[in-house]
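See below for run.csv, which holds CSV, N, CA, C and O atoms.
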```
chain,number,residue,atom,x,y,z
Q,1,MET,N,211.1,176.3,97.6
Q,1,MET,CA,212.2,175.9,98.4
Q,1,MET,C,211.7,175.2,99.7
Q,1,MET,O,212.3,174.2,100.1
Q,2,LYS,N,210.7,175.8,100.3
Q,2,LYS,CA,210.2,175.2,101.5
Q,2,LYS,C,209.6,173.8,101.2
Q,2,LYS,O,209.8,172.9,102.0
Q,3,THR,N,208.9,173.6,100.1
Q,3,THR,CA,208.4,172.4,99.7
Q,3,THR,C,209.5,171.3,99.5
Q,3,THR,O,209.3,170.1,99.9
Q,4,GLY,N,210.6,171.7,98.9
Q,4,GLY,CA,211.7,170.8,98.7
Q,4,GLY,C,212.2,170.3,100.1
Q,4,GLY,O,212.6,169.1,100.2
Q,5,LEU,N,212.4,171.2,101.0
Q,5,LEU,CA,212.8,170.8,102.4
Q,5,LEU,C,211.8,169.8,103.0
Q,5,LEU,O,212.2,168.9,103.7
Q,6,TYR,N,210.6,170.2,102.9
Q,6,TYR,CA,209.5,169.3,103.5
Q,6,TYR,C,209.6,167.9,102.8
Q,6,TYR,O,209.4,166.9,103.5
Q,7,PHE,N,209.8,167.9,101.5
Q,7,PHE,CA,209.9,166.6,100.8
Q,7,PHE,C,211.1,165.8,101.2
Q,7,PHE,O,210.9,164.6,101.5
Q,8,VAL,N,212.2,166.4,101.4
Q,8,VAL,CA,213.4,165.7,101.9
Q,8,VAL,C,213.2,165.1,103.3
Q,8,VAL,O,213.5,163.9,103.6
Q,9,ALA,N,212.6,165.9,104.2
Q,9,ALA,CA,212.3,165.5,105.5
Q,9,ALA,C,211.3,164.3,105.5
Q,9,ALA,O,211.5,163.3,106.3
Q,10,THR,N,210.3,164.4,104.7
Q,10,THR,CA,209.3,163.3,104.5
Q,10,THR,C,210.0,162.1,104.1
Q,10,THR,O,209.7,161.0,104.6
Q,11,CYS,N,210.8,162.2,103.1
Q,11,CYS,CA,211.5,161.0,102.6
Q,11,CYS,C,212.4,160.3,103.7
Q,11,CYS,O,212.3,159.1,103.9
Q,12,PHE,N,213.1,161.1,104.5
Q,12,PHE,CA,213.9,160.5,105.5
Q,12,PHE,C,213.1,159.9,106.6
Q,12,PHE,O,213.4,158.7,107.0
Q,13,ILE,N,212.0,160.5,107.0
Q,13,ILE,CA,211.2,160.0,108.1
Q,13,ILE,C,210.5,158.7,107.6
Q,13,ILE,O,210.5,157.7,108.4
Q,14,SER,N,210.0,158.7,106.4
Q,14,SER,CA,209.3,157.5,106.0
Q,14,SER,C,210.3,156.4,105.7
Q,14,SER,O,209.9,155.2,106.0
Q,15,THR,N,211.5,156.7,105.2
Q,15,THR,CA,212.5,155.6,105.0
Q,15,THR,C,212.8,154.9,106.3
Q,15,THR,O,212.9,153.7,106.4
Q,16,PHE,N,213.1,155.7,107.3
Q,16,PHE,CA,213.5,155.1,108.6
Q,16,PHE,C,212.3,154.4,109.3
Q,16,PHE,O,212.5,153.4,110.0
Q,17,ALA,N,211.1,154.9,109.1
Q,17,ALA,CA,209.9,154.2,109.6
Q,17,ALA,C,209.8,152.8,108.9
Q,17,ALA,O,209.5,151.8,109.5
Q,18,PHE,N,210.0,152.8,107.6
Q,18,PHE,CA,209.9,151.5,106.9
Q,18,PHE,C,211.0,150.6,107.3
Q,18,PHE,O,210.8,149.4,107.4
Q,19,TRP,N,212.2,151.1,107.5
Q,19,TRP,CA,213.3,150.2,107.9
Q,19,TRP,C,213.0,149.7,109.3
Q,19,TRP,O,213.3,148.5,109.6
Q,20,GLY,N,212.4,150.5,110.2
Q,20,GLY,CA,212.0,150.1,111.5
Q,20,GLY,C,211.0,149.0,111.5
Q,20,GLY,O,211.0,148.1,112.3
Q,21,ALA,N,210.1,149.1,110.5
Q,21,ALA,CA,209.0,148.1,110.4
Q,21,ALA,C,209.5,146.8,110.0
Q,21,ALA,O,208.9,145.7,110.4
Q,22,LEU,N,210.7,146.7,109.4
Q,22,LEU,CA,211.2,145.4,109.0
Q,22,LEU,C,211.7,144.6,110.2
Q,22,LEU,O,211.6,143.3,110.1
Q,23,SER,N,212.1,145.2,111.3
Q,23,SER,CA,212.6,144.5,112.4
Q,23,SER,C,211.6,144.4,113.6
Q,23,SER,O,211.9,143.9,114.6
Q,24,MET,N,210.4,144.9,113.4
Q,24,MET,CA,209.4,144.9,114.5
Q,24,MET,C,208.5,143.6,114.4
Q,24,MET,O,208.3,143.1,113.3
Q,25,ASN,N,208.1,143.2,115.6
Q,25,ASN,CA,207.1,142.1,115.6
Q,25,ASN,C,205.7,142.6,115.0
Q,25,ASN,O,205.0,141.8,114.4
Q,26,ASN,N,205.3,143.8,115.4
Q,26,ASN,CA,204.1,144.4,114.9
Q,26,ASN,C,204.5,145.6,114.2
Q,26,ASN,O,204.6,146.7,114.7
Q,27,PRO,N,204.6,145.5,112.8
Q,27,PRO,CA,205.1,146.7,112.0
Q,27,PRO,C,204.0,147.7,111.8
Q,27,PRO,O,204.3,148.8,111.2
Q,28,PHE,N,202.8,147.5,112.2
Q,28,PHE,CA,201.7,148.5,111.8
Q,28,PHE,C,201.9,149.9,112.3
Q,28,PHE,O,201.6,150.9,111.6
Q,29,PRO,N,202.4,150.1,113.6
Q,29,PRO,CA,202.7,151.5,114.0
Q,29,PRO,C,203.7,152.2,113.1
Q,29,PRO,O,203.6,153.4,112.8
Q,30,ALA,N,204.7,151.5,112.7
Q,30,ALA,CA,205.7,152.1,111.9
Q,30,ALA,C,205.2,152.4,110.5
Q,30,ALA,O,205.5,153.4,109.9
Q,31,PHE,N,204.3,151.5,110.0
Q,31,PHE,CA,203.6,151.8,108.7
Q,31,PHE,C,202.7,153.0,108.8
Q,31,PHE,O,202.6,153.8,107.9
Q,32,ALA,N,202.1,153.1,110.0
Q,32,ALA,CA,201.2,154.3,110.2
Q,32,ALA,C,202.0,155.6,110.2
Q,32,ALA,O,201.6,156.6,109.6
Q,33,VAL,N,203.2,155.6,110.8
Q,33,VAL,CA,204.0,156.8,110.8
Q,33,VAL,C,204.5,157.1,109.4
Q,33,VAL,O,204.4,158.2,108.9
Q,34,ALA,N,204.9,156.1,108.6
Q,34,ALA,CA,205.4,156.3,107.3
Q,34,ALA,C,204.4,156.8,106.4
Q,34,ALA,O,204.6,157.8,105.6
Q,35,PHE,N,203.2,156.2,106.4
Q,35,PHE,CA,202.1,156.7,105.5
Q,35,PHE,C,201.5,158.0,106.0
Q,35,PHE,O,201.1,158.8,105.2
Q,36,GLY,N,201.5,158.1,107.3
Q,36,GLY,CA,201.0,159.3,107.9
Q,36,GLY,C,201.8,160.6,107.5
Q,36,GLY,O,201.2,161.6,107.3
Q,37,ILE,N,203.1,160.4,107.5
Q,37,ILE,CA,203.9,161.6,107.2
Q,37,ILE,C,203.8,161.9,105.7
Q,37,ILE,O,203.8,163.1,105.4
Q,38,TRP,N,203.5,160.9,104.8
Q,38,TRP,CA,203.2,161.3,103.4
Q,38,TRP,C,201.9,161.9,103.3
Q,38,TRP,O,201.7,162.9,102.5
Q,39,ALA,N,200.9,161.5,104.1
Q,39,ALA,CA,199.6,162.2,104.1
Q,39,ALA,C,199.7,163.6,104.5
Q,39,ALA,O,199.1,164.5,103.9
Q,40,LEU,N,200.5,163.9,105.6
Q,40,LEU,CA,200.7,165.2,106.0
Q,40,LEU,C,201.4,166.1,105.0
Q,40,LEU,O,201.1,167.3,104.7
Q,41,PHE,N,202.4,165.5,104.3
Q,41,PHE,CA,203.1,166.2,103.3
Q,41,PHE,C,202.1,166.6,102.1
Q,41,PHE,O,202.1,167.7,101.6
Q,42,LEU,N,201.4,165.6,101.6
Q,42,LEU,CA,200.4,165.9,100.5
Q,42,LEU,C,199.4,166.9,100.9
Q,42,LEU,O,199.0,167.8,100.1
Q,43,TRP,N,198.9,166.8,102.2
Q,43,TRP,CA,197.9,167.8,102.6
Q,43,TRP,C,198.4,169.2,102.7
Q,43,TRP,O,197.8,170.2,102.2
Q,44,GLY,N,199.6,169.3,103.2
Q,44,GLY,CA,200.3,170.6,103.3
Q,44,GLY,C,200.6,171.2,101.9
Q,44,GLY,O,200.5,172.4,101.7
Q,45,TYR,N,201.0,170.3,101.0
Q,45,TYR,CA,201.3,170.8,99.7
Q,45,TYR,C,200.1,171.3,99.0
Q,45,TYR,O,200.1,172.3,98.3
Q,46,ALA,N,199.0,170.6,99.1
Q,46,ALA,CA,197.7,171.0,98.5
Q,46,ALA,C,197.2,172.3,99.1
Q,46,ALA,O,196.8,173.2,98.4
Q,47,ARG,N,197.4,172.5,100.4
Q,47,ARG,CA,197.0,173.7,101.1
Q,47,ARG,C,197.8,174.9,100.6
Q,47,ARG,O,197.3,176.0,100.3
Q,48,ARG,N,199.2,174.7,100.5
Q,48,ARG,CA,200.0,175.8,100.1
Q,48,ARG,C,199.7,176.1,98.6
Q,48,ARG,O,199.7,177.3,98.2
Q,49,SER,N,199.5,175.1,97.8
Q,49,SER,CA,199.1,175.4,96.4
Q,49,SER,C,197.8,176.2,96.2
Q,49,SER,O,197.7,177.1,95.4
Q,50,LYS,N,196.9,175.8,97.1
Q,50,LYS,CA,195.6,176.5,97.0
Q,50,LYS,C,195.7,178.0,97.4
Q,50,LYS,O,195.2,178.9,96.8
Q,51,LYS,N,196.5,178.2,98.5
Q,51,LYS,CA,196.7,179.6,98.9
Q,51,LYS,C,197.5,180.4,97.9
Q,51,LYS,O,197.2,181.6,97.6
Q,52,LEU,N,198.4,179.8,97.2
Q,52,LEU,CA,199.2,180.5,96.1
Q,52,LEU,C,198.3,180.8,95.0
Q,52,LEU,O,198.3,181.9,94.4
Q,53,ALA,N,197.4,179.9,94.6
Q,53,ALA,CA,196.4,180.1,93.5
Q,53,ALA,C,195.5,181.3,93.9
Q,53,ALA,O,195.2,182.1,93.0
Q,54,GLU,N,195.0,181.3,95.1
Q,54,GLU,CA,194.1,182.4,95.5
Q,54,GLU,C,194.8,183.7,95.5
Q,54,GLU,O,194.3,184.7,95.1
Q,55,ARG,N,196.1,183.7,96.0
Q,55,ARG,CA,196.9,185.0,95.9
Q,55,ARG,C,197.1,185.5,94.5
Q,55,ARG,O,196.9,186.7,94.3
Q,56,ARG,N,197.4,184.6,93.6
Q,56,ARG,CA,197.6,185.0,92.2
Q,56,ARG,C,196.3,185.5,91.6
Q,56,ARG,O,196.3,186.5,90.9
Q,57,SER,N,195.2,184.9,92.0
Q,57,SER,CA,193.9,185.4,91.5
Q,57,SER,C,193.6,186.8,92.0
Q,57,SER,O,193.1,187.7,91.3
Q,58,ARG,N,193.8,187.0,93.3
Q,58,ARG,CA,193.6,188.4,93.9
Q,58,ARG,C,194.5,189.4,93.2
Q,58,ARG,O,194.1,190.5,92.9
Q,59,GLU,N,195.8,189.0,93.0
Q,59,GLU,CA,196.7,190.0,92.3
Q,59,GLU,C,196.2,190.3,90.9
Q,59,GLU,O,196.3,191.4,90.5
Q,60,ARG,N,195.7,189.3,90.2
Q,60,ARG,CA,195.2,189.5,88.8
Q,60,ARG,C,194.0,190.4,88.8
Q,60,ARG,O,193.9,191.3,88.0
Q,61,LEU,N,193.1,190.2,89.8
Q,61,LEU,CA,192.0,191.1,89.9
Q,61,LEU,C,192.4,192.5,90.2
Q,61,LEU,O,191.8,193.5,89.7
Q,62,PHE,N,193.3,192.6,91.1
Q,62,PHE,CA,193.8,194.0,91.5
Q,62,PHE,C,194.4,194.7,90.3
Q,62,PHE,O,194.2,195.9,90.1
Q,63,GLU,N,195.2,194.0,89.5
Q,63,GLU,CA,195.9,194.5,88.3
Q,63,GLU,C,194.8,195.0,87.3
Q,63,GLU,O,194.9,196.1,86.7
Q,64,ASP,N,193.8,194.2,87.1
Q,64,ASP,CA,192.7,194.6,86.2
Q,64,ASP,C,192.0,195.8,86.7
Q,64,ASP,O,191.6,196.7,86.0
Q,65,PHE,N,191.7,195.9,88.0
Q,65,PHE,CA,191.1,197.0,88.6
Q,65,PHE,C,191.9,198.3,88.4
Q,65,PHE,O,191.4,199.3,88.0
Q,66,MET,N,193.2,198.2,88.7
Q,66,MET,CA,194.1,199.3,88.5
Q,66,MET,C,194.2,199.8,87.1
Q,66,MET,O,194.3,200.9,86.8
Q,67,ARG,N,194.2,198.8,86.1
Q,67,ARG,CA,194.2,199.2,84.7
Q,67,ARG,C,192.9,200.0,84.3
Q,67,ARG,O,193.0,200.9,83.5
Q,68,SER,N,191.8,199.6,84.9
Q,68,SER,CA,190.6,200.3,84.6
Q,68,SER,C,190.5,201.7,85.2
Q,68,SER,O,189.8,202.5,84.7
Q,69,LYS,N,191.3,201.9,86.3
Q,69,LYS,CA,191.3,203.2,86.9
Q,69,LYS,C,192.4,204.2,86.4
Q,69,LYS,O,192.4,205.4,86.6
Q,70,LEU,N,193.3,203.7,85.6
Q,70,LEU,CA,194.3,204.5,85.0
Q,70,LEU,C,193.7,205.5,84.0
Q,70,LEU,O,192.9,205.0,83.2
Q,71,PRO,N,194.2,206.7,84.0
Q,71,PRO,CA,193.6,207.6,82.9
Q,71,PRO,C,194.1,207.2,81.5
Q,71,PRO,O,195.3,206.9,81.4
Q,72,ASN,N,193.2,207.2,80.6
Q,72,ASN,CA,193.6,206.9,79.2
Q,72,ASN,C,193.9,208.2,78.5
Q,72,ASN,O,193.1,209.0,78.3
Q,73,PRO,N,195.2,208.3,78.0
Q,73,PRO,CA,195.5,209.5,77.3
Q,73,PRO,C,194.9,209.7,75.9
Q,73,PRO,O,194.9,210.8,75.4
Q,74,ASN,N,194.3,208.6,75.4
Q,74,ASN,CA,193.6,208.7,74.1
Q,74,ASN,C,192.2,209.2,74.2
Q,74,ASN,O,191.6,209.4,73.1
Q,75,ARG,N,191.7,209.5,75.3
Q,75,ARG,CA,190.3,210.0,75.4
Q,75,ARG,C,190.2,211.5,75.2
Q,75,ARG,O,190.9,212.3,75.5
```

Could you express the structure from this file as structure tokens?
Amino acid sequence: MKTGLYFVATCFISTFAFWGALSMNNPFPAFAVAFGIWALFLWGYARRSKKLAERRSRERLFEDFMRSKLPNPNR
């Protein structure tokens, strides 16, 4: 959900920056804002995905550990 909100905000900011670049004598600052906001979005998405993958890995390891510690009634 948070990623969706970030995506919508990124789209709005970059759209208005590109529209602003159309009417400027020197459009490079507006292009920098538009591409910069996309770079920030992609960087944040990659960081959140990496944290989520690490969390899932830790949870999987913990579940395996707990399975090994449960008493086995067949013994």

**Prompt:** Could you work out how far atom O of Q:Leu22 lies from atom C of Q:Val8, giving the answer in Å with one decimal?
**Reply:**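 According to the coordinates, atom C of Q:Val8 and atom O of Q:Leu22 are separated by 22.9 Å.
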
**Nearby residues (all atoms listed in the file) at most 8 Å from Q:Phe35, same-chain spacing under 5 positions excluded, as a list in words** =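 The residues satisfying every condition are Ile13, Ser14, Ala17, Phe18, Phe28, Pro29, Ala30, Leu40, Phe41 and Leu42 of chain Q.
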
**Message:** To one decimal place in Å, what is the distance between atom O of Q:Ala32 and atom N of Q:Ser49?
**Reply:**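 Calculated distance between atom O of Q:Ala32 and atom N of Q:Ser49 is 22.0 Å.
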
**Request:** Quick one: pull the distance between atom CA of Q:Cys11 and atom CA of Q:Arg55, Å, one decimal.
**Result:** 28.9 Å

Would you pick out the contacts of Q:Thr10 at 7 Å or less, using only N, CA, C and O atoms, so that residues sharing its chain but fewer than 4 positions from it are not included, and give the list as a PDB file with N, CA, C and O atoms, in the frame of the given file?
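Contents of part_3.pdb, as written:
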```pdb
ATOM      1  N   GLY Q   4     210.600 171.700  98.900  1.00  0.00           N
ATOM      2  CA  GLY Q   4     211.700 170.800  98.700  1.00  0.00           C
ATOM      3  C   GLY Q   4     212.200 170.300 100.100  1.00  0.00           C
ATOM      4  O   GLY Q   4     212.600 169.100 100.200  1.00  0.00           O
ATOM      5  N   LEU Q   5     212.400 171.200 101.000  1.00  0.00           N
ATOM      6  CA  LEU Q   5     212.800 170.800 102.400  1.00  0.00           C
ATOM      7  C   LEU Q   5     211.800 169.800 103.000  1.00  0.00           C
ATOM      8  O   LEU Q   5     212.200 168.900 103.700  1.00  0.00           O
ATOM      9  N   TYR Q   6     210.600 170.200 102.900  1.00  0.00           N
ATOM     10  CA  TYR Q   6     209.500 169.300 103.500  1.00  0.00           C
ATOM     11  C   TYR Q   6     209.600 167.900 102.800  1.00  0.00           C
ATOM     12  O   TYR Q   6     209.400 166.900 103.500  1.00  0.00           O
ATOM     13  N   SER Q  14     210.000 158.700 106.400  1.00  0.00           N
ATOM     14  CA  SER Q  14     209.300 157.500 106.000  1.00  0.00           C
ATOM     15  C   SER Q  14     210.300 156.400 105.700  1.00  0.00           C
ATOM     16  O   SER Q  14     209.900 155.200 106.000  1.00  0.00           O
ATOM     17  N   THR Q  15     211.500 156.700 105.200  1.00  0.00           N
ATOM     18  CA  THR Q  15     212.500 155.600 105.000  1.00  0.00           C
ATOM     19  C   THR Q  15     212.800 154.900 106.300  1.00  0.00           C
ATOM     20  O   THR Q  15     212.900 153.700 106.400  1.00  0.00           O
ATOM     21  N   PHE Q  16     213.100 155.700 107.300  1.00  0.00           N
ATOM     22  CA  PHE Q  16     213.500 155.100 108.600  1.00  0.00           C
ATOM     23  C   PHE Q  16     212.300 154.400 109.300  1.00  0.00           C
ATOM     24  O   PHE Q  16     212.500 153.400 110.000  1.00  0.00           O
ATOM     25  N   ALA Q  34     204.900 156.100 108.600  1.00  0.00           N
ATOM     26  CA  ALA Q  34     205.400 156.300 107.300  1.00  0.00           C
ATOM     27  C   ALA Q  34     204.400 156.800 106.400  1.00  0.00           C
ATOM     28  O   ALA Q  34     204.600 157.800 105.600  1.00  0.00           O
ATOM     29  N   ILE Q  37     203.100 160.400 107.500  1.00  0.00           N
ATOM     30  CA  ILE Q  37     203.900 161.600 107.200  1.00  0.00           C
ATOM     31  C   ILE Q  37     203.800 161.900 105.700  1.00  0.00           C
ATOM     32  O   ILE Q  37     203.800 163.100 105.400  1.00  0.00           O
ATOM     33  N   TRP Q  38     203.500 160.900 104.800  1.00  0.00           N
ATOM     34  CA  TRP Q  38     203.200 161.300 103.400  1.00  0.00           C
ATOM     35  C   TRP Q  38     201.900 161.900 103.300  1.00  0.00           C
ATOM     36  O   TRP Q  38     201.700 162.900 102.500  1.00  0.00           O
ATOM     37  N   PHE Q  41     202.400 165.500 104.300  1.00  0.00           N
ATOM     38  CA  PHE Q  41     203.100 166.200 103.300  1.00  0.00           C
ATOM     39  C   PHE Q  41     202.100 166.600 102.100  1.00  0.00           C
ATOM     40  O   PHE Q  41     202.100 167.700 101.600  1.00  0.00           O
TER      41      PHE Q  41
END
```

Mind filling out stretch 33-44 of chain Q with all heavy atoms and sending it as a PDB file, in the frame of the given file?
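Final output, saved to result_4.pdb:
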```
ATOM      1  N   VAL Q  33     203.200 155.600 110.800  1.00  0.00           N
ATOM      2  CA  VAL Q  33     204.000 156.800 110.800  1.00  0.00           C
ATOM      3  C   VAL Q  33     204.500 157.100 109.400  1.00  0.00           C
ATOM      4  O   VAL Q  33     204.400 158.200 108.900  1.00  0.00           O
ATOM      5  CB  VAL Q  33     205.242 156.550 111.734  1.00  0.00           C
ATOM      6  CG1 VAL Q  33     206.264 157.652 111.531  1.00  0.00           C
ATOM      7  CG2 VAL Q  33     204.805 156.474 113.178  1.00  0.00           C
ATOM      8  N   ALA Q  34     204.900 156.100 108.600  1.00  0.00           N
ATOM      9  CA  ALA Q  34     205.400 156.300 107.300  1.00  0.00           C
ATOM     10  C   ALA Q  34     204.400 156.800 106.400  1.00  0.00           C
ATOM     11  O   ALA Q  34     204.600 157.800 105.600  1.00  0.00           O
ATOM     12  CB  ALA Q  34     206.020 154.972 106.751  1.00  0.00           C
ATOM     13  N   PHE Q  35     203.200 156.200 106.400  1.00  0.00           N
ATOM     14  CA  PHE Q  35     202.100 156.700 105.500  1.00  0.00           C
ATOM     15  C   PHE Q  35     201.500 158.000 106.000  1.00  0.00           C
ATOM     16  O   PHE Q  35     201.100 158.800 105.200  1.00  0.00           O
ATOM     17  CB  PHE Q  35     201.078 155.586 105.289  1.00  0.00           C
ATOM     18  CG  PHE Q  35     201.557 154.439 104.438  1.00  0.00           C
ATOM     19  CD1 PHE Q  35     201.641 153.162 104.961  1.00  0.00           C
ATOM     20  CD2 PHE Q  35     201.941 154.636 103.127  1.00  0.00           C
ATOM     21  CE1 PHE Q  35     202.086 152.103 104.185  1.00  0.00           C
ATOM     22  CE2 PHE Q  35     202.388 153.587 102.337  1.00  0.00           C
ATOM     23  CZ  PHE Q  35     202.460 152.320 102.871  1.00  0.00           C
ATOM     24  N   GLY Q  36     201.500 158.100 107.300  1.00  0.00           N
ATOM     25  CA  GLY Q  36     201.000 159.300 107.900  1.00  0.00           C
ATOM     26  C   GLY Q  36     201.800 160.600 107.500  1.00  0.00           C
ATOM     27  O   GLY Q  36     201.200 161.600 107.300  1.00  0.00           O
ATOM     28  N   ILE Q  37     203.100 160.400 107.500  1.00  0.00           N
ATOM     29  CA  ILE Q  37     203.900 161.600 107.200  1.00  0.00           C
ATOM     30  C   ILE Q  37     203.800 161.900 105.700  1.00  0.00           C
ATOM     31  O   ILE Q  37     203.800 163.100 105.400  1.00  0.00           O
ATOM     32  CB  ILE Q  37     205.425 161.294 107.526  1.00  0.00           C
ATOM     33  CG1 ILE Q  37     206.229 162.588 107.537  1.00  0.00           C
ATOM     34  CG2 ILE Q  37     206.061 160.330 106.562  1.00  0.00           C
ATOM     35  CD1 ILE Q  37     205.948 163.476 108.689  1.00  0.00           C
ATOM     36  N   TRP Q  38     203.500 160.900 104.800  1.00  0.00           N
ATOM     37  CA  TRP Q  38     203.200 161.300 103.400  1.00  0.00           C
ATOM     38  C   TRP Q  38     201.900 161.900 103.300  1.00  0.00           C
ATOM     39  O   TRP Q  38     201.700 162.900 102.500  1.00  0.00           O
ATOM     40  CB  TRP Q  38     203.278 160.014 102.575  1.00  0.00           C
ATOM     41  CG  TRP Q  38     204.678 159.694 102.186  1.00  0.00           C
ATOM     42  CD1 TRP Q  38     205.477 158.721 102.688  1.00  0.00           C
ATOM     43  CD2 TRP Q  38     205.474 160.395 101.221  1.00  0.00           C
ATOM     44  NE1 TRP Q  38     206.713 158.763 102.098  1.00  0.00           N
ATOM     45  CE2 TRP Q  38     206.738 159.782 101.198  1.00  0.00           C
ATOM     46  CE3 TRP Q  38     205.242 161.484 100.392  1.00  0.00           C
ATOM     47  CZ2 TRP Q  38     207.764 160.228 100.367  1.00  0.00           C
ATOM     48  CZ3 TRP Q  38     206.264 161.922  99.557  1.00  0.00           C
ATOM     49  CH2 TRP Q  38     207.494 161.292  99.554  1.00  0.00           C
ATOM     50  N   ALA Q  39     200.900 161.500 104.100  1.00  0.00           N
ATOM     51  CA  ALA Q  39     199.600 162.200 104.100  1.00  0.00           C
ATOM     52  C   ALA Q  39     199.700 163.600 104.500  1.00  0.00           C
ATOM     53  O   ALA Q  39     199.100 164.500 103.900  1.00  0.00           O
ATOM     54  CB  ALA Q  39     198.598 161.397 104.939  1.00  0.00           C
ATOM     55  N   LEU Q  40     200.500 163.900 105.600  1.00  0.00           N
ATOM     56  CA  LEU Q  40     200.700 165.200 106.000  1.00  0.00           C
ATOM     57  C   LEU Q  40     201.400 166.100 105.000  1.00  0.00           C
ATOM     58  O   LEU Q  40     201.100 167.300 104.700  1.00  0.00           O
ATOM     59  CB  LEU Q  40     201.477 165.252 107.310  1.00  0.00           C
ATOM     60  CG  LEU Q  40     200.750 164.806 108.559  1.00  0.00           C
ATOM     61  CD1 LEU Q  40     201.715 164.735 109.734  1.00  0.00           C
ATOM     62  CD2 LEU Q  40     199.603 165.745 108.866  1.00  0.00           C
ATOM     63  N   PHE Q  41     202.400 165.500 104.300  1.00  0.00           N
ATOM     64  CA  PHE Q  41     203.100 166.200 103.300  1.00  0.00           C
ATOM     65  C   PHE Q  41     202.100 166.600 102.100  1.00  0.00           C
ATOM     66  O   PHE Q  41     202.100 167.700 101.600  1.00  0.00           O
ATOM     67  CB  PHE Q  41     204.261 165.406 102.719  1.00  0.00           C
ATOM     68  CG  PHE Q  41     204.914 166.002 101.511  1.00  0.00           C
ATOM     69  CD1 PHE Q  41     205.749 167.102 101.639  1.00  0.00           C
ATOM     70  CD2 PHE Q  41     204.682 165.480 100.249  1.00  0.00           C
ATOM     71  CE1 PHE Q  41     206.344 167.671 100.515  1.00  0.00           C
ATOM     72  CE2 PHE Q  41     205.276 166.037  99.140  1.00  0.00           C
ATOM     73  CZ  PHE Q  41     206.112 167.138  99.273  1.00  0.00           C
ATOM     74  N   LEU Q  42     201.400 165.600 101.600  1.00  0.00           N
ATOM     75  CA  LEU Q  42     200.400 165.900 100.500  1.00  0.00           C
ATOM     76  C   LEU Q  42     199.400 166.900 100.900  1.00  0.00           C
ATOM     77  O   LEU Q  42     199.000 167.800 100.100  1.00  0.00           O
ATOM     78  CB  LEU Q  42     199.809 164.614 100.044  1.00  0.00           C
ATOM     79  CG  LEU Q  42     200.788 163.648  99.372  1.00  0.00           C
ATOM     80  CD1 LEU Q  42     200.088 162.333  99.054  1.00  0.00           C
ATOM     81  CD2 LEU Q  42     201.397 164.258  98.134  1.00  0.00           C
ATOM     82  N   TRP Q  43     198.900 166.800 102.200  1.00  0.00           N
ATOM     83  CA  TRP Q  43     197.900 167.800 102.600  1.00  0.00           C
ATOM     84  C   TRP Q  43     198.400 169.200 102.700  1.00  0.00           C
ATOM     85  O   TRP Q  43     197.800 170.200 102.200  1.00  0.00           O
ATOM     86  CB  TRP Q  43     197.351 167.331 104.007  1.00  0.00           C
ATOM     87  CG  TRP Q  43     196.404 168.290 104.630  1.00  0.00           C
ATOM     88  CD1 TRP Q  43     195.140 168.600 104.222  1.00  0.00           C
ATOM     89  CD2 TRP Q  43     196.651 169.097 105.790  1.00  0.00           C
ATOM     90  NE1 TRP Q  43     194.599 169.529 105.057  1.00  0.00           N
ATOM     91  CE2 TRP Q  43     195.502 169.852 106.025  1.00  0.00           C
ATOM     92  CE3 TRP Q  43     197.740 169.225 106.641  1.00  0.00           C
ATOM     93  CZ2 TRP Q  43     195.413 170.748 107.086  1.00  0.00           C
ATOM     94  CZ3 TRP Q  43     197.639 170.103 107.695  1.00  0.00           C
ATOM     95  CH2 TRP Q  43     196.491 170.849 107.910  1.00  0.00           C
ATOM     96  N   GLY Q  44     199.600 169.300 103.200  1.00  0.00           N
ATOM     97  CA  GLY Q  44     200.300 170.600 103.300  1.00  0.00           C
ATOM     98  C   GLY Q  44     200.600 171.200 101.900  1.00  0.00           C
ATOM     99  O   GLY Q  44     200.500 172.400 101.700  1.00  0.00           O
TER     100      GLY Q  44
END
```
